[in-house]
$ cat input21.csv   # CSV, C-alpha atoms
chain,number,residue,atom,x,y,z
E,276,MET,CA,-4.2,-5.9,20.2
E,277,ASN,CA,-6.7,-3.9,22.2
E,278,LYS,CA,-7.9,-1.0,20.0
E,279,ILE,CA,-10.2,0.6,22.6
E,280,VAL,CA,-8.8,3.7,24.2
E,281,ASN,CA,-10.1,6.8,25.9
E,282,ILE,CA,-10.5,10.1,24.1
E,283,GLU,CA,-7.4,11.7,25.6
E,284,GLU,CA,-5.2,8.9,24.4
E,285,ALA,CA,-6.8,8.9,20.9
E,286,ILE,CA,-6.3,12.7,20.6
E,287,SER,CA,-2.7,12.5,21.8
E,288,HIS,CA,-1.8,11.2,18.4
E,289,ILE,CA,-2.8,14.5,16.8
E,290,LYS,CA,0.0,17.1,16.8
E,291,ASP,CA,0.3,20.7,15.6
E,292,GLY,CA,0.6,21.0,11.8
E,293,MET,CA,-0.9,17.6,11.0
E,294,THR,CA,-3.3,16.9,8.2
E,295,VAL,CA,-6.6,15.4,9.5
E,296,MET,CA,-9.5,14.0,7.5
E,297,ILE,CA,-12.8,14.1,9.3
E,298,GLY,CA,-16.0,12.3,8.3
E,299,GLY,CA,-19.4,13.8,8.1
E,300,PHE,CA,-21.8,15.7,5.8
E,301,LEU,CA,-23.2,18.8,7.4
E,302,ALA,CA,-22.3,17.2,10.8
E,303,ALA,CA,-24.2,14.0,10.0
E,304,GLY,CA,-21.7,11.2,10.6
E,305,THR,CA,-19.1,13.6,12.2
E,306,PRO,CA,-17.3,12.3,15.3
E,307,GLU,CA,-18.5,15.1,17.5
E,308,LYS,CA,-16.8,14.0,20.7
E,309,LEU,CA,-13.5,13.5,19.1
E,310,VAL,CA,-13.7,16.9,17.5
E,311,ASP,CA,-14.7,18.5,20.8
E,312,ALA,CA,-11.7,16.9,22.5
E,313,LEU,CA,-9.5,18.3,19.7
E,314,VAL,CA,-10.9,21.7,20.3
E,315,GLU,CA,-10.3,21.4,24.0
E,316,LYS,CA,-6.7,20.2,23.4
E,317,GLY,CA,-6.0,23.3,21.3
E,318,VAL,CA,-3.9,21.6,18.6
E,319,LYS,CA,-3.2,24.3,15.9
E,320,ASP,CA,-2.1,24.8,12.3
E,321,LEU,CA,-4.1,21.8,11.2
E,322,THR,CA,-5.0,21.0,7.6
E,323,ILE,CA,-8.5,19.7,7.6
E,324,ILE,CA,-9.9,17.5,4.7
E,325,ALA,CA,-13.6,17.1,4.9
E,326,ASN,CA,-16.7,17.4,2.8
E,327,ASP,CA,-17.6,20.7,4.5
E,328,THR,CA,-16.9,22.7,7.7
E,329,GLY,CA,-20.3,22.2,9.2
E,330,TYR,CA,-21.7,25.0,11.3
E,331,PRO,CA,-19.9,27.5,13.5
E,332,ASP,CA,-21.1,25.8,16.7
E,333,LYS,CA,-21.0,22.2,15.7
E,334,GLY,CA,-18.3,19.7,14.7
E,335,ILE,CA,-15.5,20.8,12.4
E,336,GLY,CA,-16.9,24.4,12.5
E,337,LYS,CA,-15.7,24.6,16.1
E,338,LEU,CA,-12.1,24.1,15.0
E,339,VAL,CA,-12.4,26.8,12.4
E,340,VAL,CA,-14.0,29.3,14.9
E,341,ASN,CA,-11.2,28.5,17.4
E,342,LYS,CA,-8.6,29.3,14.7
E,343,GLN,CA,-6.9,25.9,15.0
E,344,VAL,CA,-7.0,25.4,11.2
E,345,LYS,CA,-4.5,26.8,8.7
E,346,LYS,CA,-6.1,25.2,5.6
E,347,VAL,CA,-9.3,23.5,4.7
E,348,ILE,CA,-9.8,21.2,1.7
E,349,ALA,CA,-13.5,20.8,1.2
E,350,SER,CA,-16.4,20.7,-1.3
E,351,HIS,CA,-18.3,23.7,0.1
E,352,ILE,CA,-18.3,26.1,3.0
E,353,GLY,CA,-21.7,27.8,2.7
E,354,THR,CA,-23.1,26.7,6.0
E,355,ASN,CA,-20.2,28.2,8.0
E,356,PRO,CA,-19.9,31.9,7.6
E,357,GLU,CA,-16.7,32.0,9.7
E,358,THR,CA,-14.9,29.8,7.1
E,359,GLY,CA,-15.8,32.2,4.4
E,360,ARG,CA,-14.7,35.2,6.4
E,361,LEU,CA,-11.4,33.7,7.3
E,362,MET,CA,-10.9,32.8,3.6
E,363,ASN,CA,-11.7,36.3,2.4
E,364,THR,CA,-9.4,37.9,4.9
E,365,LYS,CA,-6.7,35.3,4.0
E,366,GLU,CA,-6.4,34.2,7.7
E,367,MET,CA,-7.0,30.6,6.5
E,368,GLU,CA,-6.5,28.9,3.2
E,369,VAL,CA,-9.5,27.2,1.6
E,370,GLU,CA,-9.2,24.9,-1.3
E,371,LEU,CA,-12.6,24.1,-2.8
E,372,ASN,CA,-13.1,20.9,-4.8
E,373,PRO,CA,-16.2,19.7,-6.7
E,374,GLN,CA,-17.7,17.1,-4.3
E,375,GLY,CA,-17.2,14.1,-6.6
E,376,THR,CA,-13.6,15.2,-7.3
E,377,LEU,CA,-12.9,15.5,-3.5
E,378,ALA,CA,-14.3,12.0,-3.0
E,379,GLU,CA,-12.2,10.5,-5.8
E,380,ARG,CA,-9.0,12.2,-4.7
E,381,ILE,CA,-9.5,10.6,-1.3
E,382,ARG,CA,-10.2,7.3,-2.9
E,383,CYS,CA,-7.1,7.5,-5.0
E,384,GLY,CA,-5.1,8.3,-1.8
E,385,GLY,CA,-6.4,5.2,-0.1
E,386,ALA,CA,-6.0,3.0,-3.2
E,387,GLY,CA,-2.4,4.0,-3.8
E,388,LEU,CA,-3.2,5.6,-7.2
E,389,GLY,CA,-1.3,8.6,-8.7
E,390,GLY,CA,-4.5,10.5,-9.4
E,391,PHE,CA,-7.3,10.6,-12.0
E,392,LEU,CA,-8.4,12.4,-15.1
E,393,THR,CA,-11.7,14.4,-15.1
E,394,GLU,CA,-13.4,17.0,-17.3
E,395,THR,CA,-15.0,18.5,-14.2
E,396,GLY,CA,-13.6,22.0,-13.6
E,397,LEU,CA,-12.3,22.7,-17.1
E,398,GLY,CA,-12.7,26.3,-18.0
E,399,THR,CA,-13.3,27.4,-14.4
E,400,ILE,CA,-11.0,28.5,-11.5
E,401,ILE,CA,-10.8,24.8,-10.5
E,402,GLU,CA,-8.3,24.3,-13.2
E,403,ASP,CA,-5.9,27.0,-12.0
E,404,GLY,CA,-2.4,25.5,-11.4
E,405,LYS,CA,-3.4,22.0,-12.5
E,406,GLN,CA,-1.9,19.9,-15.2
E,407,LYS,CA,-4.0,19.2,-18.2
E,408,LEU,CA,-3.7,16.0,-20.3
E,409,THR,CA,-5.2,15.2,-23.7
E,410,VAL,CA,-6.5,11.6,-24.2
E,411,ASN,CA,-8.1,10.4,-27.4
E,412,GLY,CA,-8.5,14.0,-28.4
E,413,LYS,CA,-10.3,15.1,-25.2
E,414,GLU,CA,-8.8,17.4,-22.6
E,415,TYR,CA,-8.8,16.5,-18.9
E,416,LEU,CA,-7.6,17.9,-15.6
E,417,LEU,CA,-5.2,15.7,-13.6
E,418,GLU,CA,-6.5,15.6,-10.0
E,419,LEU,CA,-3.9,14.4,-7.5
E,420,PRO,CA,-4.6,12.0,-4.5
E,421,LEU,CA,-5.3,13.2,-1.0
E,422,LYS,CA,-3.9,11.5,2.1
E,423,ALA,CA,-3.7,12.5,5.8
E,424,ASP,CA,-1.8,11.8,9.0
E,425,ILE,CA,-5.0,11.1,10.9
E,426,ALA,CA,-8.6,10.2,10.0
E,427,LEU,CA,-11.4,10.7,12.5
E,428,LEU,CA,-14.5,8.6,11.8
E,429,PHE,CA,-17.9,8.1,13.3
E,430,GLY,CA,-19.4,4.6,13.4
E,431,SER,CA,-23.0,3.8,14.3
E,432,LYS,CA,-22.0,0.3,15.5
E,433,VAL,CA,-18.4,-0.8,15.9
E,434,ASP,CA,-17.1,-4.0,17.3
E,435,GLU,CA,-13.9,-4.5,19.4
E,436,LYS,CA,-11.9,-5.3,16.3
E,437,GLY,CA,-12.8,-2.1,14.6
E,438,ASN,CA,-15.3,-3.4,12.1
E,439,ILE,CA,-17.8,-0.5,11.4
E,440,TYR,CA,-21.4,-0.3,10.4
E,441,TYR,CA,-22.7,3.2,9.4
E,442,HIS,CA,-26.4,3.9,9.7
E,443,GLU,CA,-27.9,5.5,6.6
E,444,ALA,CA,-26.5,8.9,5.7
E,445,THR,CA,-23.9,8.9,8.4
E,446,ARG,CA,-21.9,6.7,6.0
E,447,ASN,CA,-20.9,9.6,3.6
E,448,PHE,CA,-17.2,10.2,3.5
E,449,ASN,CA,-16.3,7.9,6.5
E,450,PRO,CA,-15.4,4.8,4.5
E,451,LEU,CA,-13.3,6.7,2.1
E,452,ILE,CA,-11.2,8.5,4.7
E,453,ALA,CA,-10.7,5.3,6.6
E,454,THR,CA,-8.4,4.1,3.8
E,455,ALA,CA,-6.5,7.3,3.2
E,456,ALA,CA,-4.8,8.1,6.5
E,457,ASP,CA,-1.8,6.7,8.4
E,458,THR,CA,-3.7,6.5,11.7
E,459,VAL,CA,-7.5,5.9,11.9
E,460,ILE,CA,-9.6,6.7,14.9
E,461,VAL,CA,-13.3,5.8,15.1
E,462,GLU,CA,-15.8,7.2,17.6
E,463,ALA,CA,-18.3,4.4,18.2
E,464,GLU,CA,-21.9,5.4,18.9
E,465,THR,CA,-22.5,1.8,20.0
E,466,LEU,CA,-19.6,-0.6,20.8
E,467,VAL,CA,-20.3,-4.3,20.6
E,468,LYS,CA,-18.3,-7.5,21.2
E,469,ALA,CA,-16.4,-9.1,18.3
E,470,GLY,CA,-18.7,-11.3,16.3
E,471,GLU,CA,-21.9,-9.5,17.2
E,472,LEU,CA,-21.9,-7.5,13.9
E,473,ASP,CA,-23.5,-9.2,10.9
E,474,PRO,CA,-20.6,-9.4,8.4
E,475,ASN,CA,-23.0,-8.4,5.7
E,476,ILE,CA,-23.5,-4.9,7.2
E,477,VAL,CA,-19.8,-4.2,7.8
E,478,VAL,CA,-18.7,-1.3,5.5
E,479,THR,CA,-15.2,-0.6,6.9
E,480,PRO,CA,-13.2,-3.7,7.9
E,481,GLY,CA,-11.3,-3.5,11.2
E,482,LEU,CA,-8.0,-3.8,9.5
E,483,PHE,CA,-8.2,-0.1,8.6
E,484,VAL,CA,-8.9,1.0,12.2
E,485,ASP,CA,-6.1,1.7,14.7
E,486,TYR,CA,-8.1,3.1,17.7
E,487,ILE,CA,-11.7,3.0,18.9
E,488,VAL,CA,-13.3,5.5,21.3
E,489,LYS,CA,-16.6,4.8,23.0
E,490,GLY,CA,-19.1,7.6,22.2
E,491,ASP,CA,-19.9,8.0,25.9
E,492,LYS,CA,-16.1,8.7,26.6
$ encode --input "input21.csv" --output "structure tokens"
Amino acid sequence: MNKIVNIEEAISHIKDGMTVMIGGFLAAGTPEKLVDALVEKGVKDLTIIANDTGYPDKGIGKLVVNKQVKKVIASHIGTNPETGRLMNTKEMEVELNPQGTLAERIRCGGAGLGGFLTETGLGTIIEDGKQKLTVNGKEYLLELPLKADIALLFGSKVDEKGNIYYHEATRNFNPLIATAADTVIVEAETLVKAGELDPNIVVTPGLFVDYIVKGDK
């Protein structure tokens, strides 16, 4: 199966109302060209799961500013004032998670687990509406898994089979979200032939990847 497609075909899989996970940490490792194409297409009512919403003029922040997002599930929003404004005016729902909790919820979604127990958030607003369980005399919050319809990844080097190498900090949430979505699309900064990647540097195996977009469109 040829996984290499153009951006238009890749983005055609994203419809109004879908849940989309997007890699990146303050825009490092964010698939900028895929996000820009999503902005241009005008898909709306999206639920975005990501570490953060970047900046107003970069990456995920563009989707927020363009009012294409109905809900954000993230670990912080401090670098994007528009996210905070829309949250405060209740124009967009924001669900904040401690960063480790967010990562583990995504990992559970990818691993097929029913959730996990954590002390993080006890006694704070994080526990509101969540089930508590006592194990061996200690109280924990039950955090539920996160999954998505689509995951958008950025890979520093990607081969034609979809095997991905991430350079340094661009790795962040990308490997996690690759496991937790029904359809996975990777933007390849550099696309190479199958067999050219040293197997020892592959982080995300190609079996998780459905579509590959070359970074130069």
$ closest_residue --input "input21.csv" --among "E:Thr458, E:Asn411, E:Asn372, E:His351" --to "Thr399 in chain E" --atoms "only C-alpha atoms"
E:Asn372
$ atom_distance --input "input21.csv" --atom1 "CA of Gly334 in chain E" --atom2 "CA of Glu307 in chain E"
5.4 Å
$ residues_around --input "input21.csv" --residues "range 358-367 of chain E" --least-positions-apart "2" --cutoff "6 Å" --atoms "all atoms listed in the file" --output "short mmCIF file (atom, residue, chain, number, x, y, z; two decimals) with C-alpha atoms, in the frame of the given file"
data_model
loop_
_atom_site.label_atom_id
_atom_site.label_comp_id
_atom_site.auth_asym_id
_atom_site.auth_seq_id
_atom_site.Cartn_x
_atom_site.Cartn_y
_atom_site.Cartn_z
CA LYS E 345 -4.50 26.80 8.70
CA LYS E 346 -6.10 25.20 5.60
CA ASN E 355 -20.20 28.20 8.00
CA PRO E 356 -19.90 31.90 7.60
#
$ closest_residue --input "input21.csv" --among "E:Gly387, E:Gly430, E:Gly398, E:Pro480" --to "Val461 in chain E" --atoms "all atoms listed in the file"
E:Gly430
$ closest_residue --input "input21.csv" --among "E:Pro420, E:Ala378, E:Thr445, E:Phe391" --to "Leu408 in chain E" --atoms "all atoms listed in the file"
E:Phe391
$ atom_distance --input "input21.csv" --atom1 "CA of Gly437 in chain E" --atom2 "CA of Thr479 in chain E"
8.2 Å
$ residues_around --input "input21.csv" --residues "Arg382 in chain E" --least-positions-apart "3" --cutoff "10 Å" --atoms "all atoms listed in the file" --output "list in words"
Thr376, Leu377, Ala378, Glu379, Gly385, Ala386, Gly387, Leu388, Gly390, Pro420, Leu421, Lys422, Phe448, Pro450, Leu451, Ile452, Ala453, Thr454 and Ala455 of chain E
$ write_last_selection --input "input21.csv" --atoms "C-alpha atoms" --output "JSON list (two decimals), in the coordinates of the input"
[["chain", "number", "residue", "atom", "x", "y", "z"],
["E", 376, "THR", "CA", -13.60, 15.20, -7.30],
["E", 377, "LEU", "CA", -12.90, 15.50, -3.50],
["E", 378, "ALA", "CA", -14.30, 12.00, -3.00],
["E", 379, "GLU", "CA", -12.20, 10.50, -5.80],
["E", 385, "GLY", "CA", -6.40, 5.20, -0.10],
["E", 386, "ALA", "CA", -6.00, 3.00, -3.20],
["E", 387, "GLY", "CA", -2.40, 4.00, -3.80],
["E", 388, "LEU", "CA", -3.20, 5.60, -7.20],
["E", 390, "GLY", "CA", -4.50, 10.50, -9.40],
["E", 420, "PRO", "CA", -4.60, 12.00, -4.50],
["E", 421, "LEU", "CA", -5.30, 13.20, -1.00],
["E", 422, "LYS", "CA", -3.90, 11.50, 2.10],
["E", 448, "PHE", "CA", -17.20, 10.20, 3.50],
["E", 450, "PRO", "CA", -15.40, 4.80, 4.50],
["E", 451, "LEU", "CA", -13.30, 6.70, 2.10],
["E", 452, "ILE", "CA", -11.20, 8.50, 4.70],
["E", 453, "ALA", "CA", -10.70, 5.30, 6.60],
["E", 454, "THR", "CA", -8.40, 4.10, 3.80],
["E", 455, "ALA", "CA", -6.50, 7.30, 3.20]]
$ atom_distance --input "input21.csv" --atom1 "CA of Ile439 in chain E" --atom2 "CA of Ile460 in chain E"
11.5 Å
$ residues_around --input "input21.csv" --residues "range 284-297 of chain E" --least-positions-apart "6" --cutoff "6 Å" --atoms "all atoms listed in the file" --output "list in words"
Val318, Lys319, Asp320, Leu321, Thr322, Ile323, Ile324, Ala325, Ala423, Asp424, Ile425, Ala426 and Leu427 of chain E
$ residues_near_point --input "input21.csv" --point "(-10.0, 25.0, 19.4)" --cutoff "6 Å" --atoms "all atoms listed in the file" --output "short mmCIF file (atom, residue, chain, number, x, y, z; two decimals) with C-alpha atoms, in the frame of the given file"
data_model
loop_
_atom_site.label_atom_id
_atom_site.label_comp_id
_atom_site.auth_asym_id
_atom_site.auth_seq_id
_atom_site.Cartn_x
_atom_site.Cartn_y
_atom_site.Cartn_z
CA VAL E 314 -10.90 21.70 20.30
CA GLU E 315 -10.30 21.40 24.00
CA GLY E 317 -6.00 23.30 21.30
CA LEU E 338 -12.10 24.10 15.00
CA ASN E 341 -11.20 28.50 17.40
CA GLN E 343 -6.90 25.90 15.00
#
$ residues_around --input "input21.csv" --residues "Thr465 in chain E" --least-positions-apart "4" --cutoff "9 Å" --atoms "all atoms listed in the file" --output "list in words"
Gly430, Ser431, Lys432, Val433, Asp434, Lys489, Gly490 and Asp491 of chain E
$ residues_near_point --input "input21.csv" --point "(-9.3, 12.9, -17.2)" --cutoff "6 Å" --atoms "all atoms listed in the file" --output "ChimeraX atom specification"
/E:392-394,415-416
$ closest_residue --input "input21.csv" --among "E:Gly336, E:Gly389, E:Gly396, E:Gly304" --to "Glu414 in chain E" --atoms "only C-alpha atoms"
E:Gly396
$ residues_around --input "input21.csv" --residues "Glu357 in chain E" --least-positions-apart "6" --cutoff "10 Å" --atoms "all atoms listed in the file" --output "JSON list (two decimals) with C-alpha atoms, keeping the file's coordinate frame"
[["chain", "number", "residue", "atom", "x", "y", "z"],
["E", 328, "THR", "CA", -16.90, 22.70, 7.70],
["E", 330, "TYR", "CA", -21.70, 25.00, 11.30],
["E", 331, "PRO", "CA", -19.90, 27.50, 13.50],
["E", 336, "GLY", "CA", -16.90, 24.40, 12.50],
["E", 337, "LYS", "CA", -15.70, 24.60, 16.10],
["E", 339, "VAL", "CA", -12.40, 26.80, 12.40],
["E", 340, "VAL", "CA", -14.00, 29.30, 14.90],
["E", 342, "LYS", "CA", -8.60, 29.30, 14.70],
["E", 363, "ASN", "CA", -11.70, 36.30, 2.40]]
$ closest_residue --input "input21.csv" --among "E:Val467, E:Ile352, E:Lys436, E:Leu397" --to "Leu417 in chain E" --atoms "all atoms listed in the file"
E:Leu397
$ build_atoms --input "input21.csv" --residues "range 361-372 of chain E" --atoms "all heavy atoms" --output "tab-separated table (two decimals), in the coordinates of the input"
chain	number	residue	atom	x	y	z
E	361	LEU	N	-12.79	33.93	7.11
E	361	LEU	CA	-11.40	33.70	7.30
E	361	LEU	C	-10.69	33.49	5.89
E	361	LEU	O	-9.53	33.86	5.70
E	361	LEU	CB	-11.11	32.47	8.15
E	361	LEU	CG	-11.50	32.64	9.62
E	361	LEU	CD1	-11.39	31.30	10.36
E	361	LEU	CD2	-10.62	33.69	10.30
E	362	MET	N	-11.42	32.90	4.95
E	362	MET	CA	-10.90	32.80	3.60
E	362	MET	C	-10.72	34.11	2.94
E	362	MET	O	-9.67	34.41	2.34
E	362	MET	CB	-11.83	31.87	2.76
E	362	MET	CG	-11.39	31.71	1.31
E	362	MET	SD	-12.56	30.72	0.32
E	362	MET	CE	-13.95	31.85	0.22
E	363	ASN	N	-11.72	34.97	3.07
E	363	ASN	CA	-11.70	36.30	2.40
E	363	ASN	C	-10.64	37.21	3.02
E	363	ASN	O	-10.08	38.06	2.32
E	363	ASN	CB	-13.07	36.93	2.47
E	363	ASN	CG	-14.07	36.24	1.57
E	363	ASN	OD1	-13.70	35.69	0.53
E	363	ASN	ND2	-15.34	36.24	1.96
E	364	THR	N	-10.38	37.05	4.30
E	364	THR	CA	-9.40	37.90	4.90
E	364	THR	C	-7.97	37.24	4.87
E	364	THR	O	-7.00	37.78	5.40
E	364	THR	CB	-9.71	38.10	6.44
E	364	THR	OG1	-9.78	36.84	7.11
E	364	THR	CG2	-11.03	38.85	6.57
E	365	LYS	N	-7.91	36.07	4.22
E	365	LYS	CA	-6.70	35.30	4.00
E	365	LYS	C	-6.03	34.87	5.36
E	365	LYS	O	-4.82	34.66	5.43
E	365	LYS	CB	-5.66	36.12	3.20
E	365	LYS	CG	-6.19	36.49	1.82
E	365	LYS	CD	-5.13	37.06	0.92
E	365	LYS	CE	-5.71	37.51	-0.42
E	365	LYS	NZ	-6.50	36.48	-1.10
E	366	GLU	N	-6.86	34.75	6.38
E	366	GLU	CA	-6.40	34.20	7.70
E	366	GLU	C	-6.31	32.68	7.63
E	366	GLU	O	-5.65	32.06	8.45
E	366	GLU	CB	-7.28	34.65	8.80
E	366	GLU	CG	-7.29	36.15	9.05
E	366	GLU	CD	-8.30	36.54	10.09
E	366	GLU	OE1	-8.07	36.24	11.28
E	366	GLU	OE2	-9.34	37.13	9.71
E	367	MET	N	-7.03	32.08	6.68
E	367	MET	CA	-7.00	30.60	6.50
E	367	MET	C	-7.18	30.30	5.04
E	367	MET	O	-7.96	30.94	4.33
E	367	MET	CB	-8.22	30.03	7.31
E	367	MET	CG	-8.28	28.51	7.28
E	367	MET	SD	-9.65	27.87	8.30
E	367	MET	CE	-11.06	28.34	7.28
E	368	GLU	N	-6.40	29.33	4.60
E	368	GLU	CA	-6.50	28.90	3.20
E	368	GLU	C	-7.62	27.95	3.00
E	368	GLU	O	-7.82	27.04	3.81
E	368	GLU	CB	-5.15	28.27	2.77
E	368	GLU	CG	-5.12	27.88	1.29
E	368	GLU	CD	-3.82	27.21	0.87
E	368	GLU	OE1	-2.89	27.16	1.71
E	368	GLU	OE2	-3.74	26.74	-0.27
E	369	VAL	N	-8.39	28.15	1.95
E	369	VAL	CA	-9.50	27.20	1.60
E	369	VAL	C	-9.32	26.77	0.18
E	369	VAL	O	-9.21	27.58	-0.74
E	369	VAL	CB	-10.86	27.92	1.78
E	369	VAL	CG1	-11.98	26.98	1.31
E	369	VAL	CG2	-11.09	28.32	3.23
E	370	GLU	N	-9.26	25.47	0.02
E	370	GLU	CA	-9.20	24.90	-1.30
E	370	GLU	C	-10.50	24.14	-1.58
E	370	GLU	O	-10.81	23.15	-0.94
E	370	GLU	CB	-8.03	23.87	-1.40
E	370	GLU	CG	-7.92	23.18	-2.75
E	370	GLU	CD	-6.89	22.06	-2.76
E	370	GLU	OE1	-5.81	22.25	-2.15
E	370	GLU	OE2	-7.15	21.00	-3.36
E	371	LEU	N	-11.28	24.68	-2.53
E	371	LEU	CA	-12.60	24.10	-2.80
E	371	LEU	C	-12.46	23.09	-3.98
E	371	LEU	O	-11.79	23.35	-4.98
E	371	LEU	CB	-13.58	25.18	-3.20
E	371	LEU	CG	-13.99	26.10	-2.04
E	371	LEU	CD1	-14.82	27.27	-2.56
E	371	LEU	CD2	-14.74	25.34	-0.96
E	372	ASN	N	-13.11	21.95	-3.82
E	372	ASN	CA	-13.10	20.90	-4.80
E	372	ASN	C	-14.58	20.53	-5.13
E	372	ASN	O	-15.39	20.47	-4.21
E	372	ASN	CB	-12.46	19.62	-4.31
E	372	ASN	CG	-10.96	19.73	-4.17
E	372	ASN	OD1	-10.20	19.11	-4.90
E	372	ASN	ND2	-10.51	20.50	-3.18
